[in-house]
file data_29.pdb (PDB, C-alpha atoms)
MODEL        1
ATOM      1  CA  MET A   1    -151.240-147.632  48.658
ATOM      2  CA  GLN A   2    -153.261-150.399  50.330
ATOM      3  CA  ASP A   3    -154.634-153.038  48.011
ATOM      4  CA  GLY A   4    -157.782-154.019  49.842
ATOM      5  CA  PHE A   5    -160.446-156.619  49.202
ATOM      6  CA  ARG A   6    -162.647-154.177  47.256
ATOM      7  CA  HIS A   7    -159.892-153.143  44.846
ATOM      8  CA  ARG A   8    -158.719-156.717  44.344
ATOM      9  CA  GLY A   9    -162.266-157.745  43.525
ATOM     10  CA  GLN A  10    -162.751-154.894  41.072
ATOM     11  CA  ARG A  11    -159.431-155.685  39.410
ATOM     12  CA  LYS A  12    -160.346-159.353  39.074
ATOM     13  CA  GLN A  13    -163.628-158.425  37.371
ATOM     14  CA  LEU A  14    -161.809-156.075  34.985
ATOM     15  CA  ILE A  15    -159.266-158.710  33.991
ATOM     16  CA  GLU A  16    -162.014-161.300  33.499
ATOM     17  CA  ARG A  17    -163.782-158.891  31.112
ATOM     18  CA  LEU A  18    -160.559-158.363  29.172
ATOM     19  CA  ARG A  19    -159.925-162.121  29.009
ATOM     20  CA  SER A  20    -163.398-162.702  27.600
ATOM     21  CA  ARG A  21    -162.475-160.606  24.545
ATOM     22  CA  ASN A  22    -159.797-163.138  23.489
ATOM     23  CA  GLU A  23    -157.660-160.305  22.100
ATOM     24  CA  PHE A  24    -154.792-160.110  24.577
ATOM     25  CA  ASP A  25    -151.837-162.258  25.610
ATOM     26  CA  PRO A  26    -152.885-164.187  28.745
ATOM     27  CA  LYS A  27    -149.454-163.539  30.298
ATOM     28  CA  VAL A  28    -150.022-159.793  29.962
ATOM     29  CA  LEU A  29    -153.392-160.083  31.711
ATOM     30  CA  ASP A  30    -151.868-162.273  34.429
ATOM     31  CA  VAL A  31    -149.407-159.474  35.191
ATOM     32  CA  MET A  32    -152.064-156.750  35.069
ATOM     33  CA  ALA A  33    -154.100-158.765  37.555
ATOM     34  CA  ASN A  34    -151.328-158.170  40.081
ATOM     35  CA  VAL A  35    -150.691-154.450  39.493
ATOM     36  CA  PRO A  36    -152.798-152.137  41.728
ATOM     37  CA  ARG A  37    -153.866-149.545  39.179
ATOM     38  CA  HIS A  38    -155.549-147.411  41.841
ATOM     39  CA  SER A  39    -152.119-146.752  43.388
ATOM     40  CA  PHE A  40    -151.070-144.899  40.227
ATOM     41  CA  LEU A  41    -154.059-142.540  40.314
ATOM     42  CA  ASP A  42    -155.145-139.637  42.450
ATOM     43  CA  SER A  43    -157.230-140.847  45.382
ATOM     44  CA  SER A  44    -160.287-139.080  43.935
ATOM     45  CA  PHE A  45    -160.415-141.810  41.259
ATOM     46  CA  ASN A  46    -160.345-144.700  43.744
ATOM     47  CA  ASP A  47    -163.921-145.718  43.045
ATOM     48  CA  TRP A  48    -163.380-145.813  39.255
ATOM     49  CA  ALA A  49    -159.793-147.097  38.985
ATOM     50  CA  TYR A  50    -160.855-150.444  37.516
ATOM     51  CA  ARG A  51    -163.151-149.147  34.848
ATOM     52  CA  ASP A  52    -161.776-149.639  31.350
ATOM     53  CA  GLU A  53    -161.205-145.913  30.939
ATOM     54  CA  PRO A  54    -158.266-143.482  30.761
ATOM     55  CA  PHE A  55    -157.927-140.979  33.595
ATOM     56  CA  PRO A  56    -156.023-137.701  33.962
ATOM     57  CA  ILE A  57    -152.759-137.584  35.876
ATOM     58  CA  ASP A  58    -150.434-134.657  36.567
ATOM     59  CA  CYS A  59    -149.008-132.378  33.856
ATOM     60  CA  GLU A  60    -152.121-132.731  31.655
ATOM     61  CA  GLN A  61    -151.215-136.323  30.824
ATOM     62  CA  THR A  62    -153.277-139.500  31.148
ATOM     63  CA  ILE A  63    -153.018-143.091  32.307
ATOM     64  CA  SER A  64    -154.173-145.283  29.432
ATOM     65  CA  GLN A  65    -157.267-147.404  29.780
ATOM     66  CA  PRO A  66    -156.467-151.015  30.757
ATOM     67  CA  SER A  67    -157.534-152.474  27.407
ATOM     68  CA  THR A  68    -155.106-150.124  25.639
ATOM     69  CA  VAL A  69    -152.279-151.173  27.959
ATOM     70  CA  ALA A  70    -153.103-154.816  27.260
ATOM     71  CA  TRP A  71    -153.310-154.137  23.509
ATOM     72  CA  GLN A  72    -149.985-152.304  23.254
ATOM     73  CA  THR A  73    -148.181-154.749  25.506
ATOM     74  CA  THR A  74    -149.531-157.768  23.626
ATOM     75  CA  ALA A  75    -148.428-156.199  20.331
ATOM     76  CA  LEU A  76    -144.929-155.658  21.733
ATOM     77  CA  GLN A  77    -144.362-159.427  22.146
ATOM     78  CA  LEU A  78    -141.916-158.819  24.984
ATOM     79  CA  LEU A  79    -139.812-161.766  26.113
ATOM     80  CA  PRO A  80    -138.078-162.176  29.507
ATOM     81  CA  ARG A  81    -134.706-160.418  29.861
ATOM     82  CA  GLN A  82    -135.189-158.320  26.738
ATOM     83  CA  LYS A  83    -134.191-154.672  26.934
ATOM     84  CA  VAL A  84    -137.272-152.519  26.440
ATOM     85  CA  LEU A  85    -137.322-148.745  26.041
ATOM     86  CA  GLU A  86    -140.524-147.003  27.120
ATOM     87  CA  ILE A  87    -141.085-143.443  25.915
ATOM     88  CA  GLY A  88    -143.478-141.695  28.285
ATOM     89  CA  THR A  89    -143.282-142.998  31.860
ATOM     90  CA  GLY A  90    -146.424-141.141  32.901
ATOM     91  CA  SER A  91    -147.783-142.671  36.101
ATOM     92  CA  GLY A  92    -145.366-145.612  35.930
ATOM     93  CA  TYR A  93    -148.140-148.192  35.463
ATOM     94  CA  GLN A  94    -147.007-149.403  32.048
ATOM     95  CA  ALA A  95    -143.383-149.645  33.227
ATOM     96  CA  ALA A  96    -144.539-151.894  36.075
ATOM     97  CA  VAL A  97    -146.335-154.192  33.622
ATOM     98  CA  LEU A  98    -143.268-154.416  31.370
ATOM     99  CA  SER A  99    -140.991-155.166  34.311
ATOM    100  CA  LEU A 100    -143.234-157.887  35.724
ATOM    101  CA  LEU A 101    -143.238-159.518  32.290
ATOM    102  CA  GLY A 102    -139.504-159.877  32.751
ATOM    103  CA  GLY A 103    -138.323-156.952  30.660
ATOM    104  CA  ARG A 104    -135.252-154.885  31.529
ATOM    105  CA  VAL A 105    -137.037-151.539  31.408
ATOM    106  CA  PHE A 106    -135.550-148.159  30.493
ATOM    107  CA  THR A 107    -138.292-145.566  30.809
ATOM    108  CA  VAL A 108    -138.115-141.909  29.719
ATOM    109  CA  GLU A 109    -140.270-139.005  30.931
ATOM    110  CA  ARG A 110    -140.069-135.322  29.953
ATOM    111  CA  HIS A 111    -142.138-133.966  32.870
ATOM    112  CA  LYS A 112    -140.134-133.735  36.093
ATOM    113  CA  PRO A 113    -143.184-134.051  38.431
ATOM    114  CA  LEU A 114    -144.252-137.265  36.674
ATOM    115  CA  TYR A 115    -140.693-138.595  36.652
ATOM    116  CA  ARG A 116    -140.378-138.070  40.405
ATOM    117  CA  LYS A 117    -143.843-139.344  41.262
ATOM    118  CA  ALA A 118    -143.543-142.504  39.155
ATOM    119  CA  ARG A 119    -140.211-143.384  40.751
ATOM    120  CA  LEU A 120    -141.672-142.889  44.231
ATOM    121  CA  THR A 121    -144.847-144.865  43.483
ATOM    122  CA  LEU A 122    -142.976-147.835  42.048
ATOM    123  CA  LYS A 123    -140.515-147.806  44.933
ATOM    124  CA  LYS A 124    -143.327-147.800  47.521
ATOM    125  CA  LEU A 125    -145.010-150.673  45.710
ATOM    126  CA  ARG A 126    -141.682-152.512  45.429
ATOM    127  CA  LEU A 127    -142.183-152.701  41.679
ATOM    128  CA  ASP A 128    -139.109-150.694  40.686
ATOM    129  CA  ARG A 129    -136.764-153.634  40.373
ATOM    130  CA  GLY A 130    -135.414-153.890  36.845
ATOM    131  CA  ILE A 131    -136.560-150.366  35.909
ATOM    132  CA  ARG A 132    -134.216-147.463  35.135
ATOM    133  CA  PHE A 133    -135.705-143.979  34.941
ATOM    134  CA  PHE A 134    -134.556-141.096  32.740
ATOM    135  CA  LEU A 135    -135.671-137.460  32.732
ATOM    136  CA  ARG A 136    -135.107-136.285  29.172
ATOM    137  CA  ASP A 137    -136.588-135.644  25.737
ATOM    138  CA  GLY A 138    -138.175-138.871  24.567
ATOM    139  CA  ASN A 139    -137.216-138.135  20.973
ATOM    140  CA  ARG A 140    -133.605-138.727  21.988
ATOM    141  CA  GLY A 141    -134.291-142.129  23.490
ATOM    142  CA  VAL A 142    -131.451-143.581  25.560
ATOM    143  CA  PRO A 143    -128.616-144.020  23.039
ATOM    144  CA  GLU A 144    -126.058-144.958  25.679
ATOM    145  CA  MET A 145    -128.064-148.113  26.471
ATOM    146  CA  ALA A 146    -129.011-149.012  22.873
ATOM    147  CA  PRO A 147    -129.741-151.206  21.066
ATOM    148  CA  PHE A 148    -133.114-152.260  22.443
ATOM    149  CA  SER A 149    -135.057-155.403  21.602
ATOM    150  CA  ARG A 150    -138.351-153.576  22.111
ATOM    151  CA  ILE A 151    -139.497-149.946  22.127
ATOM    152  CA  LEU A 152    -142.928-148.855  23.364
ATOM    153  CA  VAL A 153    -144.123-145.289  22.797
ATOM    154  CA  THR A 154    -147.094-144.056  24.832
ATOM    155  CA  ALA A 155    -147.682-140.749  23.033
ATOM    156  CA  GLY A 156    -148.980-140.010  19.551
ATOM    157  CA  ALA A 157    -146.221-139.006  17.118
ATOM    158  CA  ALA A 158    -146.662-137.159  13.839
ATOM    159  CA  SER A 159    -144.174-139.621  12.336
ATOM    160  CA  VAL A 160    -141.876-142.372  13.555
ATOM    161  CA  PRO A 161    -138.789-140.753  15.164
ATOM    162  CA  GLN A 162    -135.690-141.786  13.234
ATOM    163  CA  THR A 163    -133.586-141.658  16.399
ATOM    164  CA  LEU A 164    -135.721-144.353  17.997
ATOM    165  CA  LEU A 165    -135.546-146.549  14.895
ATOM    166  CA  GLU A 166    -131.764-146.316  15.066
ATOM    167  CA  GLN A 167    -131.839-147.521  18.681
ATOM    168  CA  LEU A 168    -133.910-150.607  17.796
ATOM    169  CA  GLU A 169    -131.901-153.767  17.166
ATOM    170  CA  VAL A 170    -132.316-155.777  13.977
ATOM    171  CA  GLY A 171    -135.250-158.119  14.575
ATOM    172  CA  GLY A 172    -136.580-155.778  17.266
ATOM    173  CA  ILE A 173    -140.136-154.469  17.540
ATOM    174  CA  MET A 174    -141.437-150.949  18.180
ATOM    175  CA  VAL A 175    -145.083-150.211  18.991
ATOM    176  CA  ILE A 176    -146.016-146.565  18.473
ATOM    177  CA  PRO A 177    -149.177-144.480  17.803
ATOM    178  CA  VAL A 178    -148.731-142.297  14.709
ATOM    179  CA  GLY A 179    -151.024-139.614  13.336
ATOM    180  CA  PRO A 180    -151.861-135.887  13.233
ATOM    181  CA  GLU A 181    -152.305-134.117  16.552
ATOM    182  CA  GLY A 182    -155.934-133.852  17.640
ATOM    183  CA  GLU A 183    -157.035-136.757  15.447
ATOM    184  CA  ASP A 184    -157.208-140.508  15.866
ATOM    185  CA  GLN A 185    -153.841-142.176  15.455
ATOM    186  CA  GLN A 186    -152.883-145.506  13.942
ATOM    187  CA  LEU A 187    -151.126-147.934  16.257
ATOM    188  CA  LEU A 188    -148.145-149.300  14.334
ATOM    189  CA  ARG A 189    -146.012-152.343  15.006
ATOM    190  CA  ILE A 190    -142.630-151.792  13.394
ATOM    191  CA  THR A 191    -140.157-154.626  12.907
ATOM    192  CA  LYS A 192    -136.579-153.727  12.027
ATOM    193  CA  THR A 193    -135.458-156.129   9.314
ATOM    194  CA  ALA A 194    -131.975-154.698   8.640
ATOM    195  CA  PRO A 195    -130.040-151.502   9.387
ATOM    196  CA  GLY A 196    -132.108-148.702   7.839
ATOM    197  CA  THR A 197    -134.936-151.055   6.828
ATOM    198  CA  HIS A 198    -138.171-151.939   8.594
ATOM    199  CA  THR A 199    -141.713-153.158   8.033
ATOM    200  CA  GLU A 200    -144.893-151.564   9.418
ATOM    201  CA  GLU A 201    -148.094-153.264  10.470
ATOM    202  CA  MET A 202    -151.226-151.231  11.207
ATOM    203  CA  LEU A 203    -153.000-152.618  14.259
ATOM    204  CA  GLY A 204    -155.944-150.237  14.604
ATOM    205  CA  TYR A 205    -156.976-146.765  15.692
ATOM    206  CA  CYS A 206    -156.231-145.168  19.040
ATOM    207  CA  ARG A 207    -155.803-141.750  20.654
ATOM    208  CA  PHE A 208    -152.883-140.717  22.854
ATOM    209  CA  VAL A 209    -151.543-137.430  24.171
ATOM    210  CA  PRO A 210    -149.144-135.739  21.693
ATOM    211  CA  PHE A 211    -145.483-136.743  21.492
ATOM    212  CA  ARG A 212    -143.626-133.513  22.327
ATOM    213  CA  GLU A 213    -139.982-132.550  21.897
ATOM    214  CA  GLY A 214    -137.762-131.274  24.688
ATOM    215  CA  LEU A 215    -138.210-131.220  28.454
ATOM    216  CA  ALA A 216    -141.439-129.744  29.770
TER
ENDMDL
END
call {"tool": "encode", "arguments": {"input": "data_29.pdb", "output": "structure tokens"}}
result
Amino acid sequence: MQDGFRHRGQRKQLIERLRSRNEFDPKVLDVMANVPRHSFLDSSFNDWAYRDEPFPIDCEQTISQPSTVAWQTTALQLLPRQKVLEIGTGSGYQAAVLSLLGGRVFTVERHKPLYRKARLTLKKLRLDRGIRFFLRDGNRGVPEMAPFSRILVTAGAASVPQTLLEQLEVGGIMVIPVGPEGEDQQLLRITKTAPGTHTEEMLGYCRFVPFREGLA
């Protein structure tokens, strides 16, 4: 878990490259500059942790590449103290970014090993403050804590889950990849304009692991 000089230097170079693209919210990059991505990966990836690439984690899932994290988080337009629902905890890296931006994070994972490991990693890093973890089917969301100001989905859905739309407050934003399994997906930014009504904005193409139903 040590964040040594080498990793800090590599992370600084990565963030500088992302800044040079002028595509991402500077506040998002400021937060990412302080999150040790290598701590969320298997030690065998230590030398490559700060490449702009996705890497495998347990349960045949992945940690998104840093530019994708920056892209999704920028699109979410998260404000301090807003309640944000994350579907797909994975390694816990994205939850850490959302929390450090000031969000009140409710994160859902369907794989028990990932759920346990993410909680432990964030606790060891002292980044778990303001994050509540749930082991359940992401399609269900967290209705007992709804409505949410923001919802971020980190898996590719065939369509936008109606249950999640219902848990989004009016004026709230959801960012979700949508498209057929095995193909490129379209990253959508959905804004709820009234109960049962929303607008969709297509932000570009991406590829995420499939959004599955039920517990693994």
call {"tool": "residues_around", "arguments": {"input": "data_29.pdb", "residues": "region 96-111 of chain A", "least_positions_apart": "6", "cutoff": "7 Å", "atoms": "all atoms listed in the file", "output": "list of chain:residue names"}}
result
A:Val31, A:Met32, A:Leu78, A:Leu79, A:Pro80, A:Arg81, A:Gln82, A:Lys83, A:Val84, A:Leu85, A:Glu86, A:Ile87, A:Gly88, A:Thr89, A:Gly90, A:Leu127, A:Gly130, A:Ile131, A:Arg132, A:Phe133, A:Phe134, A:Leu135, A:Arg136, A:Asp137, A:Gly138, A:Leu215, A:Ala216
call {"tool": "resolve_selection", "arguments": {"input": "data_29.pdb", "expression": "the PyMOL selection byres ((chain A and resi 139) around 7)", "output": "list in words"}}
result
Asp137, Gly138, Arg140, Gly141, Pro161, Thr163 and Glu213 of chain A
call {"tool": "resolve_selection", "arguments": {"input": "data_29.pdb", "expression": "the PyMOL selection byres ((chain A and resi 17) around 12)", "output": "list in words"}}
result
Gln10, Arg11, Lys12, Gln13, Leu14, Ile15, Glu16, Leu18, Arg19, Ser20, Arg21, Asn22, Glu23, Phe24, Leu29, Ala33, Tyr50, Arg51, Asp52, Pro66 and Ser67 of chain A
call {"tool": "write_last_selection", "arguments": {"input": "data_29.pdb", "atoms": "C-alpha atoms", "output": "mmCIF file, in the coordinates of the input"}}
result
data_model
loop_
_atom_site.group_PDB
_atom_site.id
_atom_site.type_symbol
_atom_site.label_atom_id
_atom_site.label_comp_id
_atom_site.auth_asym_id
_atom_site.auth_seq_id
_atom_site.Cartn_x
_atom_site.Cartn_y
_atom_site.Cartn_z
ATOM 1 C CA GLN A 10 -162.751 -154.894 41.072
ATOM 2 C CA ARG A 11 -159.431 -155.685 39.410
ATOM 3 C CA LYS A 12 -160.346 -159.353 39.074
ATOM 4 C CA GLN A 13 -163.628 -158.425 37.371
ATOM 5 C CA LEU A 14 -161.809 -156.075 34.985
ATOM 6 C CA ILE A 15 -159.266 -158.710 33.991
ATOM 7 C CA GLU A 16 -162.014 -161.300 33.499
ATOM 8 C CA LEU A 18 -160.559 -158.363 29.172
ATOM 9 C CA ARG A 19 -159.925 -162.121 29.009
ATOM 10 C CA SER A 20 -163.398 -162.702 27.600
ATOM 11 C CA ARG A 21 -162.475 -160.606 24.545
ATOM 12 C CA ASN A 22 -159.797 -163.138 23.489
ATOM 13 C CA GLU A 23 -157.660 -160.305 22.100
ATOM 14 C CA PHE A 24 -154.792 -160.110 24.577
ATOM 15 C CA LEU A 29 -153.392 -160.083 31.711
ATOM 16 C CA ALA A 33 -154.100 -158.765 37.555
ATOM 17 C CA TYR A 50 -160.855 -150.444 37.516
ATOM 18 C CA ARG A 51 -163.151 -149.147 34.848
ATOM 19 C CA ASP A 52 -161.776 -149.639 31.350
ATOM 20 C CA PRO A 66 -156.467 -151.015 30.757
ATOM 21 C CA SER A 67 -157.534 -152.474 27.407
#
call {"tool": "closest_residue", "arguments": {"input": "data_29.pdb", "among": "A:Gly4, A:Arg126, A:Glu144, A:Phe208", "to": "Pro54 (chain A)", "atoms": "all atoms listed in the file"}}
result
A:Phe208
call {"tool": "resolve_selection", "arguments": {"input": "data_29.pdb", "expression": "the PyMOL selection byres ((chain A and resi 198) around 12)", "output": "VMD selection string"}}
result
chain A and resid 160 162 165 to 166 168 to 174 188 to 197 199 to 201
call {"tool": "residues_around", "arguments": {"input": "data_29.pdb", "residues": "Ala157 (chain A)", "least_positions_apart": "2", "cutoff": "6 Å", "atoms": "only C-alpha atoms", "output": "PyMOL selection string"}}
result
chain A and resi 159+178+211
